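One file, start19.cif, is given below (mmCIF, N, CA and C atoms).
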```cif
data_final
loop_
_atom_site.label_atom_id
_atom_site.label_comp_id
_atom_site.auth_asym_id
_atom_site.auth_seq_id
_atom_site.Cartn_x
_atom_site.Cartn_y
_atom_site.Cartn_z
N MET O 459 -70.42 -60.83 48.51
CA MET O 459 -69.40 -61.05 47.51
C MET O 459 -69.72 -60.14 46.31
N SER O 460 -68.71 -59.44 45.82
CA SER O 460 -68.93 -58.56 44.68
C SER O 460 -68.94 -59.38 43.39
N PRO O 461 -69.67 -58.89 42.39
CA PRO O 461 -69.72 -59.63 41.14
C PRO O 461 -68.35 -59.64 40.46
N MET O 462 -68.11 -60.69 39.69
CA MET O 462 -66.84 -60.82 38.98
C MET O 462 -66.79 -59.80 37.84
N ALA O 463 -65.66 -59.12 37.72
CA ALA O 463 -65.48 -58.19 36.60
C ALA O 463 -65.47 -58.99 35.30
N ASN O 464 -66.07 -58.44 34.28
CA ASN O 464 -66.19 -59.13 33.00
C ASN O 464 -65.33 -58.42 31.95
N PRO O 465 -64.13 -58.92 31.70
CA PRO O 465 -63.27 -58.29 30.69
C PRO O 465 -63.78 -58.50 29.26
N PHE O 466 -64.78 -59.36 29.10
CA PHE O 466 -65.31 -59.68 27.78
C PHE O 466 -66.57 -58.89 27.43
N SER O 467 -67.02 -58.01 28.33
CA SER O 467 -68.31 -57.34 28.18
C SER O 467 -68.43 -56.54 26.88
N SER O 468 -67.37 -55.97 26.39
CA SER O 468 -67.47 -55.18 25.15
C SER O 468 -67.04 -55.97 23.92
N THR O 469 -66.86 -57.27 24.08
CA THR O 469 -66.42 -58.12 22.98
C THR O 469 -67.62 -58.72 22.26
N ASP O 470 -67.62 -58.62 20.93
CA ASP O 470 -68.66 -59.25 20.12
C ASP O 470 -68.37 -60.74 19.99
N ILE O 471 -69.40 -61.55 20.11
CA ILE O 471 -69.26 -62.99 19.89
C ILE O 471 -69.84 -63.26 18.51
N GLU O 472 -68.99 -63.74 17.63
CA GLU O 472 -69.40 -63.97 16.25
C GLU O 472 -69.36 -65.45 15.92
N ILE O 473 -70.22 -65.81 15.00
CA ILE O 473 -70.24 -67.17 14.45
C ILE O 473 -70.42 -67.05 12.95
N SER O 474 -70.13 -68.13 12.26
CA SER O 474 -70.35 -68.14 10.81
C SER O 474 -71.84 -68.02 10.53
N LYS O 475 -72.15 -67.30 9.48
CA LYS O 475 -73.56 -67.13 9.10
C LYS O 475 -74.22 -68.48 8.85
N SER O 476 -73.47 -69.40 8.23
CA SER O 476 -74.02 -70.73 7.95
C SER O 476 -74.35 -71.49 9.24
N VAL O 477 -73.54 -71.27 10.29
CA VAL O 477 -73.81 -71.88 11.59
C VAL O 477 -75.05 -71.25 12.21
N ARG O 478 -75.15 -69.93 12.14
CA ARG O 478 -76.31 -69.22 12.71
C ARG O 478 -77.61 -69.71 12.08
N GLU O 479 -77.57 -69.97 10.79
CA GLU O 479 -78.77 -70.43 10.09
C GLU O 479 -79.23 -71.81 10.56
N ARG O 480 -78.35 -72.57 11.21
CA ARG O 480 -78.69 -73.91 11.67
C ARG O 480 -78.92 -73.99 13.18
N MET O 481 -78.76 -72.87 13.88
CA MET O 481 -78.88 -72.88 15.33
C MET O 481 -80.23 -73.40 15.81
N ASP O 482 -81.27 -73.16 15.05
CA ASP O 482 -82.61 -73.62 15.46
C ASP O 482 -82.69 -75.14 15.54
N ASP O 483 -81.76 -75.85 14.89
CA ASP O 483 -81.72 -77.30 15.00
C ASP O 483 -81.37 -77.75 16.42
N LEU O 484 -80.73 -76.86 17.18
CA LEU O 484 -80.25 -77.20 18.51
C LEU O 484 -80.91 -76.42 19.63
N GLN O 485 -81.47 -75.27 19.31
CA GLN O 485 -82.04 -74.39 20.33
C GLN O 485 -83.50 -74.72 20.54
N SER O 486 -83.88 -74.97 21.78
CA SER O 486 -85.20 -75.51 22.08
C SER O 486 -86.35 -74.55 21.82
N GLN O 487 -86.27 -73.32 22.26
CA GLN O 487 -87.38 -72.38 22.11
C GLN O 487 -88.72 -73.05 22.43
N GLY O 488 -88.72 -73.81 23.53
CA GLY O 488 -89.94 -74.48 23.97
C GLY O 488 -90.07 -75.93 23.52
N ASP O 489 -89.27 -76.37 22.57
CA ASP O 489 -89.31 -77.76 22.07
C ASP O 489 -88.35 -78.58 22.92
N ARG O 490 -88.88 -79.40 23.80
CA ARG O 490 -88.05 -80.16 24.75
C ARG O 490 -87.21 -81.22 24.07
N ARG O 491 -87.46 -81.50 22.79
CA ARG O 491 -86.63 -82.48 22.09
C ARG O 491 -85.30 -81.89 21.64
N LYS O 492 -85.16 -80.56 21.74
CA LYS O 492 -83.93 -79.89 21.35
C LYS O 492 -83.12 -79.56 22.60
N PRO O 493 -81.82 -79.77 22.55
CA PRO O 493 -81.03 -79.79 23.79
C PRO O 493 -80.68 -78.47 24.47
N PHE O 494 -80.71 -77.34 23.80
CA PHE O 494 -80.18 -76.11 24.41
C PHE O 494 -81.21 -74.99 24.43
N PRO O 495 -81.38 -74.35 25.60
CA PRO O 495 -82.40 -73.30 25.70
C PRO O 495 -82.01 -71.98 25.02
N ARG O 496 -80.70 -71.65 24.98
CA ARG O 496 -80.28 -70.36 24.43
C ARG O 496 -79.14 -70.55 23.44
N MET O 497 -78.97 -69.57 22.56
CA MET O 497 -77.86 -69.64 21.60
C MET O 497 -76.51 -69.69 22.31
N ILE O 498 -76.37 -68.95 23.40
CA ILE O 498 -75.09 -68.96 24.11
C ILE O 498 -74.79 -70.35 24.65
N ASP O 499 -75.82 -71.12 24.98
CA ASP O 499 -75.63 -72.48 25.47
C ASP O 499 -75.15 -73.41 24.35
N VAL O 500 -75.66 -73.18 23.14
CA VAL O 500 -75.19 -73.95 21.97
C VAL O 500 -73.72 -73.62 21.73
N TRP O 501 -73.40 -72.32 21.73
CA TRP O 501 -72.03 -71.87 21.50
C TRP O 501 -71.09 -72.44 22.56
N TRP O 502 -71.51 -72.39 23.82
CA TRP O 502 -70.68 -72.86 24.91
C TRP O 502 -70.45 -74.37 24.82
N ALA O 503 -71.51 -75.11 24.55
CA ALA O 503 -71.36 -76.56 24.40
C ALA O 503 -70.43 -76.88 23.24
N GLY O 504 -70.59 -76.14 22.14
CA GLY O 504 -69.69 -76.33 21.00
C GLY O 504 -68.25 -76.06 21.38
N MET O 505 -68.02 -75.00 22.14
CA MET O 505 -66.67 -74.67 22.57
C MET O 505 -66.10 -75.80 23.43
N CYS O 506 -66.90 -76.31 24.35
CA CYS O 506 -66.43 -77.40 25.22
C CYS O 506 -66.12 -78.66 24.42
N ILE O 507 -66.93 -78.96 23.43
CA ILE O 507 -66.68 -80.13 22.58
C ILE O 507 -65.40 -79.92 21.79
N GLY O 508 -65.23 -78.73 21.21
CA GLY O 508 -64.00 -78.44 20.48
C GLY O 508 -62.77 -78.58 21.36
N LEU O 509 -62.86 -78.07 22.58
CA LEU O 509 -61.75 -78.19 23.52
C LEU O 509 -61.49 -79.65 23.88
N ARG O 510 -62.56 -80.39 24.15
CA ARG O 510 -62.42 -81.81 24.51
C ARG O 510 -61.75 -82.60 23.39
N GLU O 511 -62.13 -82.29 22.17
CA GLU O 511 -61.59 -82.99 21.01
C GLU O 511 -60.26 -82.40 20.54
N GLY O 512 -59.90 -81.24 21.10
CA GLY O 512 -58.66 -80.58 20.68
C GLY O 512 -58.73 -80.05 19.26
N GLN O 513 -59.94 -79.62 18.85
CA GLN O 513 -60.15 -79.21 17.46
C GLN O 513 -60.74 -77.82 17.39
N LYS O 514 -60.18 -77.00 16.51
CA LYS O 514 -60.72 -75.68 16.21
C LYS O 514 -61.07 -75.66 14.73
N ARG O 515 -61.97 -74.79 14.38
CA ARG O 515 -62.31 -74.57 12.96
C ARG O 515 -62.52 -73.07 12.77
N ALA O 516 -61.76 -72.51 11.85
CA ALA O 516 -61.90 -71.09 11.57
C ALA O 516 -63.33 -70.80 11.12
N LEU O 517 -63.80 -69.60 11.43
CA LEU O 517 -65.14 -69.20 11.00
C LEU O 517 -65.10 -69.00 9.48
N GLU O 518 -65.94 -69.73 8.78
CA GLU O 518 -65.93 -69.70 7.32
C GLU O 518 -66.95 -68.69 6.79
N GLY O 519 -66.60 -68.06 5.68
CA GLY O 519 -67.55 -67.17 5.01
C GLY O 519 -67.92 -65.97 5.86
N ASP O 520 -69.13 -65.48 5.62
CA ASP O 520 -69.63 -64.33 6.37
C ASP O 520 -69.85 -64.71 7.83
N THR O 521 -69.61 -63.76 8.71
CA THR O 521 -69.87 -63.98 10.13
C THR O 521 -70.97 -63.03 10.59
N VAL O 522 -71.62 -63.42 11.67
CA VAL O 522 -72.65 -62.59 12.27
C VAL O 522 -72.41 -62.52 13.78
N LYS O 523 -72.72 -61.38 14.35
CA LYS O 523 -72.65 -61.22 15.80
C LYS O 523 -73.95 -61.77 16.37
N PHE O 524 -73.85 -62.66 17.34
CA PHE O 524 -75.09 -63.15 17.94
C PHE O 524 -75.21 -62.72 19.40
N ALA O 525 -74.13 -62.16 19.95
CA ALA O 525 -74.19 -61.68 21.33
C ALA O 525 -72.94 -60.84 21.60
N THR O 526 -72.95 -60.19 22.75
CA THR O 526 -71.74 -59.56 23.25
C THR O 526 -71.35 -60.28 24.53
N GLY O 527 -70.16 -60.03 24.98
CA GLY O 527 -69.68 -60.67 26.19
C GLY O 527 -70.45 -60.31 27.44
N VAL O 528 -71.35 -59.34 27.35
CA VAL O 528 -72.21 -59.00 28.49
C VAL O 528 -73.02 -60.22 28.92
N ILE O 529 -73.31 -61.09 27.98
CA ILE O 529 -74.12 -62.27 28.29
C ILE O 529 -73.47 -63.14 29.36
N PHE O 530 -72.14 -63.05 29.49
CA PHE O 530 -71.45 -63.85 30.51
C PHE O 530 -71.72 -63.35 31.92
N ASP O 531 -72.24 -62.12 32.06
CA ASP O 531 -72.57 -61.59 33.38
C ASP O 531 -73.61 -62.46 34.10
N SER O 532 -74.50 -63.08 33.33
CA SER O 532 -75.54 -63.90 33.95
C SER O 532 -75.00 -65.25 34.44
N ASP O 533 -73.84 -65.65 33.94
CA ASP O 533 -73.19 -66.89 34.34
C ASP O 533 -71.71 -66.60 34.58
N PRO O 534 -71.36 -66.00 35.71
CA PRO O 534 -69.98 -65.55 35.93
C PRO O 534 -68.93 -66.66 35.83
N TRP O 535 -69.32 -67.90 36.07
CA TRP O 535 -68.36 -68.99 35.94
C TRP O 535 -67.82 -69.08 34.52
N ARG O 536 -68.62 -68.63 33.53
CA ARG O 536 -68.14 -68.65 32.14
C ARG O 536 -66.97 -67.67 31.96
N ILE O 537 -67.02 -66.56 32.68
CA ILE O 537 -65.93 -65.58 32.61
C ILE O 537 -64.63 -66.24 33.07
N ALA O 538 -64.69 -66.90 34.22
CA ALA O 538 -63.51 -67.57 34.76
C ALA O 538 -62.99 -68.64 33.80
N HIS O 539 -63.89 -69.39 33.19
CA HIS O 539 -63.47 -70.44 32.26
C HIS O 539 -62.80 -69.84 31.02
N LEU O 540 -63.37 -68.76 30.49
CA LEU O 540 -62.75 -68.10 29.34
C LEU O 540 -61.38 -67.54 29.70
N GLN O 541 -61.26 -66.98 30.90
CA GLN O 541 -59.95 -66.48 31.32
C GLN O 541 -58.94 -67.61 31.40
N LEU O 542 -59.35 -68.75 31.92
CA LEU O 542 -58.45 -69.91 31.99
C LEU O 542 -58.07 -70.40 30.60
N LEU O 543 -59.03 -70.41 29.69
CA LEU O 543 -58.72 -70.77 28.31
C LEU O 543 -57.69 -69.81 27.74
N GLY O 544 -57.92 -68.52 27.94
CA GLY O 544 -56.99 -67.52 27.44
C GLY O 544 -55.60 -67.68 28.02
N LEU O 545 -55.52 -67.91 29.32
CA LEU O 545 -54.22 -68.11 29.96
C LEU O 545 -53.51 -69.33 29.41
N SER O 546 -54.25 -70.41 29.22
CA SER O 546 -53.63 -71.64 28.75
C SER O 546 -53.14 -71.53 27.31
N GLU O 547 -53.80 -70.72 26.52
CA GLU O 547 -53.44 -70.61 25.10
C GLU O 547 -52.49 -69.45 24.81
N THR O 548 -52.53 -68.39 25.62
CA THR O 548 -51.73 -67.20 25.30
C THR O 548 -50.66 -66.90 26.34
N GLY O 549 -50.71 -67.51 27.50
CA GLY O 549 -49.75 -67.24 28.55
C GLY O 549 -50.14 -66.03 29.38
N THR O 550 -49.48 -65.88 30.50
CA THR O 550 -49.84 -64.83 31.45
C THR O 550 -49.46 -63.43 30.98
N ASP O 551 -48.41 -63.29 30.19
CA ASP O 551 -47.99 -61.97 29.74
C ASP O 551 -49.02 -61.30 28.85
N ALA O 552 -49.82 -62.09 28.15
CA ALA O 552 -50.79 -61.55 27.20
C ALA O 552 -51.96 -60.84 27.87
N ILE O 553 -52.20 -61.12 29.14
CA ILE O 553 -53.35 -60.53 29.84
C ILE O 553 -53.31 -59.00 29.82
N ALA O 554 -52.13 -58.45 29.92
CA ALA O 554 -52.00 -56.99 29.96
C ALA O 554 -52.27 -56.34 28.61
N ASP O 555 -52.31 -57.11 27.56
CA ASP O 555 -52.55 -56.58 26.21
C ASP O 555 -54.01 -56.17 26.06
N ASP O 556 -54.23 -54.99 25.48
CA ASP O 556 -55.59 -54.46 25.32
C ASP O 556 -56.52 -55.38 24.52
N GLY O 557 -56.01 -56.08 23.56
CA GLY O 557 -56.85 -56.91 22.70
C GLY O 557 -57.01 -58.34 23.17
N TRP O 558 -56.53 -58.62 24.39
CA TRP O 558 -56.54 -60.00 24.88
C TRP O 558 -57.95 -60.59 24.93
N ALA O 559 -58.91 -59.87 25.47
CA ALA O 559 -60.28 -60.39 25.60
C ALA O 559 -60.86 -60.72 24.23
N ASN O 560 -60.62 -59.87 23.25
CA ASN O 560 -61.13 -60.13 21.90
C ASN O 560 -60.49 -61.39 21.32
N ARG O 561 -59.19 -61.56 21.55
CA ARG O 561 -58.50 -62.75 21.03
C ARG O 561 -58.99 -64.02 21.71
N VAL O 562 -59.27 -63.94 23.00
CA VAL O 562 -59.77 -65.12 23.72
C VAL O 562 -61.14 -65.52 23.20
N VAL O 563 -62.02 -64.56 23.00
CA VAL O 563 -63.36 -64.88 22.49
C VAL O 563 -63.26 -65.40 21.05
N ALA O 564 -62.37 -64.85 20.24
CA ALA O 564 -62.19 -65.34 18.87
C ALA O 564 -61.68 -66.79 18.90
N LEU O 565 -60.77 -67.09 19.79
CA LEU O 565 -60.25 -68.45 19.95
C LEU O 565 -61.37 -69.38 20.40
N ALA O 566 -62.14 -68.94 21.39
CA ALA O 566 -63.27 -69.75 21.87
C ALA O 566 -64.27 -69.99 20.76
N SER O 567 -64.46 -69.00 19.90
CA SER O 567 -65.39 -69.15 18.77
C SER O 567 -64.90 -70.17 17.76
N GLU O 568 -63.59 -70.29 17.60
CA GLU O 568 -63.06 -71.33 16.70
C GLU O 568 -63.30 -72.72 17.27
N TYR O 569 -63.10 -72.88 18.59
CA TYR O 569 -63.44 -74.16 19.21
C TYR O 569 -64.95 -74.41 19.10
N ALA O 570 -65.74 -73.38 19.36
CA ALA O 570 -67.19 -73.50 19.28
C ALA O 570 -67.64 -73.85 17.87
N ASN O 571 -66.99 -73.27 16.87
CA ASN O 571 -67.35 -73.55 15.48
C ASN O 571 -67.15 -75.03 15.16
N TYR O 572 -66.05 -75.59 15.61
CA TYR O 572 -65.85 -77.03 15.43
C TYR O 572 -66.96 -77.81 16.14
N GLY O 573 -67.18 -77.48 17.41
CA GLY O 573 -68.14 -78.23 18.22
C GLY O 573 -69.57 -78.09 17.76
N MET O 574 -69.96 -76.89 17.30
CA MET O 574 -71.34 -76.72 16.83
C MET O 574 -71.56 -77.53 15.56
N ASN O 575 -70.57 -77.58 14.68
CA ASN O 575 -70.71 -78.42 13.49
C ASN O 575 -70.77 -79.89 13.86
N TRP O 576 -70.03 -80.28 14.89
CA TRP O 576 -70.11 -81.64 15.42
C TRP O 576 -71.53 -81.92 15.90
N LEU O 577 -72.10 -80.97 16.63
CA LEU O 577 -73.47 -81.13 17.12
C LEU O 577 -74.48 -81.21 15.99
N PHE O 578 -74.30 -80.38 14.95
CA PHE O 578 -75.21 -80.43 13.80
C PHE O 578 -75.18 -81.82 13.16
N ASP O 579 -73.99 -82.40 13.05
CA ASP O 579 -73.87 -83.75 12.48
C ASP O 579 -74.61 -84.77 13.35
N VAL O 580 -74.51 -84.60 14.66
CA VAL O 580 -75.16 -85.54 15.59
C VAL O 580 -76.67 -85.48 15.47
N VAL O 581 -77.24 -84.29 15.37
CA VAL O 581 -78.70 -84.17 15.37
C VAL O 581 -79.34 -84.32 13.99
N ALA O 582 -78.53 -84.34 12.95
CA ALA O 582 -79.08 -84.43 11.59
C ALA O 582 -79.96 -85.68 11.47
N GLY O 583 -81.23 -85.46 11.21
CA GLY O 583 -82.18 -86.55 11.00
C GLY O 583 -82.62 -87.26 12.27
N ALA O 584 -82.14 -86.84 13.42
CA ALA O 584 -82.51 -87.52 14.67
C ALA O 584 -83.93 -87.11 15.09
N PRO O 585 -84.79 -88.07 15.40
CA PRO O 585 -86.15 -87.73 15.85
C PRO O 585 -86.14 -87.02 17.20
N ASN O 586 -85.14 -87.30 18.03
CA ASN O 586 -85.01 -86.65 19.33
C ASN O 586 -83.58 -86.12 19.44
N PRO O 587 -83.34 -84.88 19.00
CA PRO O 587 -81.98 -84.33 19.01
C PRO O 587 -81.32 -84.34 20.39
N THR O 588 -82.09 -84.09 21.45
CA THR O 588 -81.50 -84.09 22.79
C THR O 588 -80.92 -85.45 23.13
N LEU O 589 -81.68 -86.48 22.89
CA LEU O 589 -81.22 -87.84 23.18
C LEU O 589 -80.00 -88.18 22.32
N ALA O 590 -80.01 -87.78 21.06
CA ALA O 590 -78.86 -88.04 20.18
C ALA O 590 -77.60 -87.35 20.71
N VAL O 591 -77.74 -86.11 21.17
CA VAL O 591 -76.59 -85.38 21.72
C VAL O 591 -76.10 -86.07 22.99
N TYR O 592 -77.01 -86.44 23.90
CA TYR O 592 -76.61 -87.11 25.14
C TYR O 592 -75.83 -88.38 24.84
N ARG O 593 -76.30 -89.16 23.90
CA ARG O 593 -75.63 -90.42 23.58
C ARG O 593 -74.23 -90.19 23.02
N ARG O 594 -74.09 -89.23 22.13
CA ARG O 594 -72.77 -88.94 21.56
C ARG O 594 -71.83 -88.33 22.58
N LEU O 595 -72.33 -87.46 23.44
CA LEU O 595 -71.49 -86.89 24.49
C LEU O 595 -70.99 -87.99 25.42
N ASP O 596 -71.86 -88.95 25.71
CA ASP O 596 -71.46 -90.07 26.55
C ASP O 596 -70.30 -90.82 25.92
N GLU O 597 -70.30 -90.95 24.61
CA GLU O 597 -69.21 -91.65 23.90
C GLU O 597 -67.89 -90.89 23.99
N ILE O 598 -67.93 -89.56 23.78
CA ILE O 598 -66.66 -88.83 23.77
C ILE O 598 -66.12 -88.57 25.18
N LEU O 599 -66.99 -88.68 26.18
CA LEU O 599 -66.55 -88.47 27.55
C LEU O 599 -66.10 -89.76 28.21
N ASP O 600 -66.29 -90.86 27.54
CA ASP O 600 -65.94 -92.17 28.09
C ASP O 600 -64.45 -92.35 28.20
#
```

Do you think you could lay out the structure here as structure tokens?
Amino acid sequence: MSPMANPFSSTDIEISKSVRERMDDLQSQGDRRKPFPRMIDVWWAGMCIGLREGQKRALEGDTVKFATGVIFDSDPWRIAHLQLLGLSETGTDAIADDGWANRVVALASEYANYGMNWLFDVVAGAPNPTLAVYRRLDEILD
């Protein structure tokens, strides 16, 4: 099977600088009490939470690039999910537009921005952030 083409490979993934400064609250870097091994996992979980809750939040203040869409090559299923998000939000005619991939990632970042702030609220002051996230996710998925 050939690898899935990645239309997002040249797209920068940006987040608010204030969000980037708090990523360590969620990224494990060897600390098993923190729920996510990589920044892209925090961003993705935030996007999923934003989608689940039907909430987006514009990126506030300064933004920083934390990755490019090349990162999706390691998890091709993410490419398919982003394409589905793009189709559902922009329609099929938009795919042919040159800027479509950038708009999809920007949209995903707005959902992620809502969800990452939701996650920051959940882990604030929690002695075990992973357990706190699991418990809250269980509530919203119920």

Selection in question (the file shown): the PyMOL selection byres (((chain O and resi 467 and name CA) around 9) and name CA). Which residues does it include, as a ChimeraX atom specification?
/O:463-466,468-470,526-531,559

Residues of segment 484-554 of chain O that have any atom at most 6 Å from an atom of segment 586-589 of chain O: could you tabulate them with the shortest-distance atom pair and the distance in Å to one decimal, using only N, CA and C atoms, ordered by chain and increasing number, as a Markdown table?
```
| residue | atom | partner | partner_atom | distance |
| --- | --- | --- | --- | --- |
| O:Arg491 | C | O:Thr588 | N | 3.9 |
| O:Lys492 | CA | O:Thr588 | N | 4.6 |
| O:Pro493 | N | O:Thr588 | CA | 4.3 |
```

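Between atom CA of Leu517 of chain O and atom CA of Gln487 of chain O the separation is 25.1 Å.
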
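Each of O:Glu479, O:Asp579, O:Tyr569, O:Asp520 was compared to Trp502 of chain O using all atoms listed in the file, and O:Tyr569 turns out to be the nearest.
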
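The coordinates place atom N of Val562 of chain O at 17.8 Å from atom N of Ile498 of chain O.
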